[in-house]
Each structure stands twice: as structure tokens, then as C-alpha cells.
Amino acid sequence: MTAPVVDPAHEGLTRLWQQQRPPGPLFPHELKTVYAHRWVRLHSLPESKRYPDDEAEYALLLERYNTVLDELFAGDEVYVVTTGRSEVSEHTDRSVKRRAFHPEGTLWTTVDDTYDPDPFCHTRWYFYADRRRWQRGCIDRLLRAVADDTLSGVFVTDPGLTRMYHPYDGGADVVLPTRQERDRMRERYADWLSAHPRGY
């Protein structure tokens with residue numbers, strides 16, 4: 001398998017990402033700590049239930065995911081981003097599942113996670129993106145895979161990287177442009193918040 005090639009169409013996103021993100025690698029699961037002052041976590045099922053048991057619960061979690069995505073992006077252009085990974089030495093993404101659920105994604109950038117002193121634990125992350133106009137339900141297949149923990153490392157952002165939505169199995173991390181907007185979202189969806197004192 002040959003190494004994937006970076007898509008030059010994503011050059012603008014790469015420049016903006018490098019300008020706005022903190023130094024060092026940034027992975028979707030780190031949004032909640034890097035942007036803590038603009039972050040809120042919303043759970044996808046009542047009483048913080050993690051996984052759906054039936055189609056009614058899948059419908060409910062997709063409704064919750066899409067309600068917030070609509071609020072953030074309705075009618076706007078977005079980037080849908082998925083990730084794959086491999087050992088750094090392999091120089092290729094072996095994420096068959098990612099390709100199956102996000103065939104539109106082309107390689108945006110790579111990030112090496114080499115913090116572990118053991119080189120056998122070093123990982124290369126591949127970020128794939130596609131740009132589209134947001135329409136409710138357009139990533140339901142991806143969201144369902146995330147809800148089942150079949151796929152992780154997914155996020156949706158506006159082209160200016162001011163609003164980010166990272167679904168995970170159990171809910172979603174949302175980054176808003178300002179603390180005030182974050183607070184208003186917390187108030188609107190108070191029933192979807194975690195009981196954890198830090199909002200996890």
C-alpha cells in the first residue's frame with residue numbers, strides 16, 4: 001500500500017490550522033482541554049447513557065447530534081474531518097473503516113505522536129477532509145459509526161476553525177467562538193450536560 005498524498009485543495013485549511021492551534025500536535029479528543037474556555041460537552045442519550053440499544057435510541061442520538069450541528073452550521077460550508085493512523089515507520093494509513101465511512105475525504109495533513117519514549121509506540125495520524133455545504137443528516141452514517149465506537153477521531157468545523165464539533169461514543173465536544181456563546185449553549189441544552197463537576 002502506497003503512502004497517501006496530501007490534497008493541495010486543503011492548503012488554506014492547513015495554513016489557518018497552523019496559525020490558530022496551539023503549538024504541537026492537536027487531536028480531536030484534545031479539543032476539550034485546549035479550548036476549555038470555549039468548550040461544552042453534550043451527551044447523546046438521556047441520563048448519560050453511552051450506547052444505544054435499539055433503533056429508537058439511535059434516532060434520538062442522531063436527533064441530538066443533528067440539532068446541534070444545525071445550530072452551528074446550517075446552510076454554511078463545513079469541513080468534515082476523519083482520522084486514520086499507523087506506526088510512523090509504515091508511512092501509510094491502514095484505516096479501512098475510515099475509508100469505508102468517509103470515502104470523500106482526501107488527505108489534509110499528518111501529525112506524528114512521538115511523546116512516548118518507546119519508538120515502537122510512535123504513531124502517525126492522518127487527517128482527511130472534505131468540504132461541503134452542511135445539510136441535516138448528511139453525515140448520519142459517520143455519526144452512527146461513531147456512536148457504535150466503530151470510528152473515532154471525527155470532527156466538523158467551519159472553514160474559519162471557529163466552531164468545532166467532535167462527536168464521540170456517548171456525546172459530543174463542542175467548541176464555540178466565545179465563552180458567552182458556550183454559556184448560552186450550556187443553558188439551552190442543560191438536560192444534555194454531564195453531572196460530572198468538570199463537565200466530562
# chains A, B, ... in the order shown; residues from 1 in each chain; ligands from 1
>>> select_by_dssp(residues="chain A", states="strand (DSSP E)", output="MDAnalysis selection string")
chainID A and resid 39:43 77:87 106:113 123:133 155:157 164:168 171:175
>>> residues_around(residues="Arg179 in chain A", least_positions_apart="3", cutoff="9 Å", atoms="only C-alpha atoms", output="MDAnalysis selection string")
chainID A and resid 37:39 176 182:184
>>> residues_around(residues="Phe120 in chain A", least_positions_apart="4", cutoff="10 Å", atoms="only C-alpha atoms", output="JSON, numbers by chain")
{"A": [87, 88, 89, 114, 116]}
>>> write_last_selection(atoms="N, CA and C atoms", output="PDB file, in the first residue's frame")
ATOM      1  N   GLU A  87       1.772   3.073  12.465  1.00  0.00           N
ATOM      2  CA  GLU A  87       3.078   3.308  13.050  1.00  0.00           C
ATOM      3  C   GLU A  87       3.814   4.293  12.154  1.00  0.00           C
ATOM      4  N   VAL A  88       4.615   5.163  12.764  1.00  0.00           N
ATOM      5  CA  VAL A  88       5.334   6.178  11.988  1.00  0.00           C
ATOM      6  C   VAL A  88       6.159   5.537  10.879  1.00  0.00           C
ATOM      7  N   SER A  89       6.757   4.395  11.176  1.00  0.00           N
ATOM      8  CA  SER A  89       7.654   3.758  10.214  1.00  0.00           C
ATOM      9  C   SER A  89       6.927   3.185   8.995  1.00  0.00           C
ATOM     10  N   THR A 114       4.875  11.300  18.965  1.00  0.00           N
ATOM     11  CA  THR A 114       6.122  10.639  19.354  1.00  0.00           C
ATOM     12  C   THR A 114       6.489  10.935  20.804  1.00  0.00           C
ATOM     13  N   ASP A 116       5.774   9.224  23.507  1.00  0.00           N
ATOM     14  CA  ASP A 116       6.227   8.046  24.255  1.00  0.00           C
ATOM     15  C   ASP A 116       7.715   7.816  23.962  1.00  0.00           C
TER      16      ASP A 116
END
>>> select_by_dssp(residues="range 51-151 of chain A", states="helix (DSSP H, G or I)", output="PyMOL selection string")
chain A and resi 55-73+88-90+96-101+119-121+140-147
>>> closest_atom_pairs(of="range 28-127 of chain A", to="range 131-136 of chain A", cutoff="7 Å", atoms="only C-alpha atoms", output="Markdown table")
| residue | atom | partner | partner_atom | distance |
| --- | --- | --- | --- | --- |
| A:Asn66 | CA | A:Arg136 | CA | 6.1 |
| A:Asp70 | CA | A:Arg136 | CA | 6.4 |
| A:Phe73 | CA | A:Trp134 | CA | 6.2 |
| A:Ala74 | CA | A:Trp134 | CA | 5.8 |
| A:Gly75 | CA | A:Trp134 | CA | 5.6 |
| A:Asp76 | CA | A:Arg133 | CA | 5.6 |
| A:Glu77 | CA | A:Arg133 | CA | 4.3 |
| A:Val78 | CA | A:Arg132 | CA | 5.6 |
| A:Tyr79 | CA | A:Arg131 | CA | 4.5 |
| A:Val80 | CA | A:Arg131 | CA | 6.5 |
>>> residues_around(residues="Val40 in chain A", least_positions_apart="6", cutoff="9 Å", atoms="only C-alpha atoms", output="list in words")
Lys32, Ala172, Asp173, Val174, Val175, Leu176, Arg182, Asp183, Met185, Arg186, Leu193, Gly199 and Tyr200 of chain A
>>> write_last_selection(atoms="C-alpha atoms", output="compact mmCIF listing (two decimals), in the first residue's frame")
# COMPACT_ATOMS: atom_id res chain seq x y z
CA LYS A 32 -11.85 19.89 25.42
CA ALA A 172 -20.04 15.41 21.50
CA ASP A 173 -17.49 18.05 22.40
CA VAL A 174 -18.43 21.46 21.03
CA VAL A 175 -16.09 24.45 20.70
CA LEU A 176 -17.81 27.82 20.21
CA ARG A 182 -20.57 28.45 25.00
CA ASP A 183 -22.51 29.52 28.09
CA MET A 185 -25.39 26.62 24.57
CA ARG A 186 -24.95 25.14 28.04
CA LEU A 193 -25.00 18.05 30.19
CA GLY A 199 -18.49 18.67 32.52
CA TYR A 200 -16.98 15.34 31.39
>>> residues_around(residues="Tyr168 in chain A", least_positions_apart="2", cutoff="10 Å", atoms="only C-alpha atoms", output="PyMOL selection string")
chain A and resi 28-29+43-44+50+143-149+151-155+165-166+170-173
>>> closest_residue(among="A:Val5, A:Thr33, A:Val68, A:Arg41", to="Gly137 in chain A", atoms="only C-alpha atoms")
A:Val68
>>> closest_atom_pairs(of="range 5-62 of chain A", to="range 127-130 of chain A", cutoff="12 Å", atoms="only C-alpha atoms", output="tab-separated table")
residue	atom	partner	partner_atom	distance
A:Val5	CA	A:Tyr128	CA	10.6
A:Val6	CA	A:Tyr128	CA	9.0
A:Asp7	CA	A:Tyr128	CA	9.1
A:Pro8	CA	A:Ala129	CA	11.5
A:Ala9	CA	A:Asp130	CA	9.4
A:His10	CA	A:Ala129	CA	7.8
A:Glu11	CA	A:Ala129	CA	11.4
A:Leu13	CA	A:Ala129	CA	9.6
A:Thr14	CA	A:Phe127	CA	10.7
A:Pro25	CA	A:Phe127	CA	11.8
A:Leu26	CA	A:Phe127	CA	10.9
A:Phe27	CA	A:Phe127	CA	9.4
A:Pro28	CA	A:Phe127	CA	10.2
>>> atom_distance(atom1="CA of Ala56 in chain A", atom2="CA of Glu71 in chain A")
22.7 Å
>>> atom_distance(atom1="CA of Leu60 in chain A", atom2="CA of Val156 in chain A")
19.9 Å
>>> atom_distance(atom1="CA of His102 in chain A", atom2="CA of Tyr189 in chain A")
28.9 Å
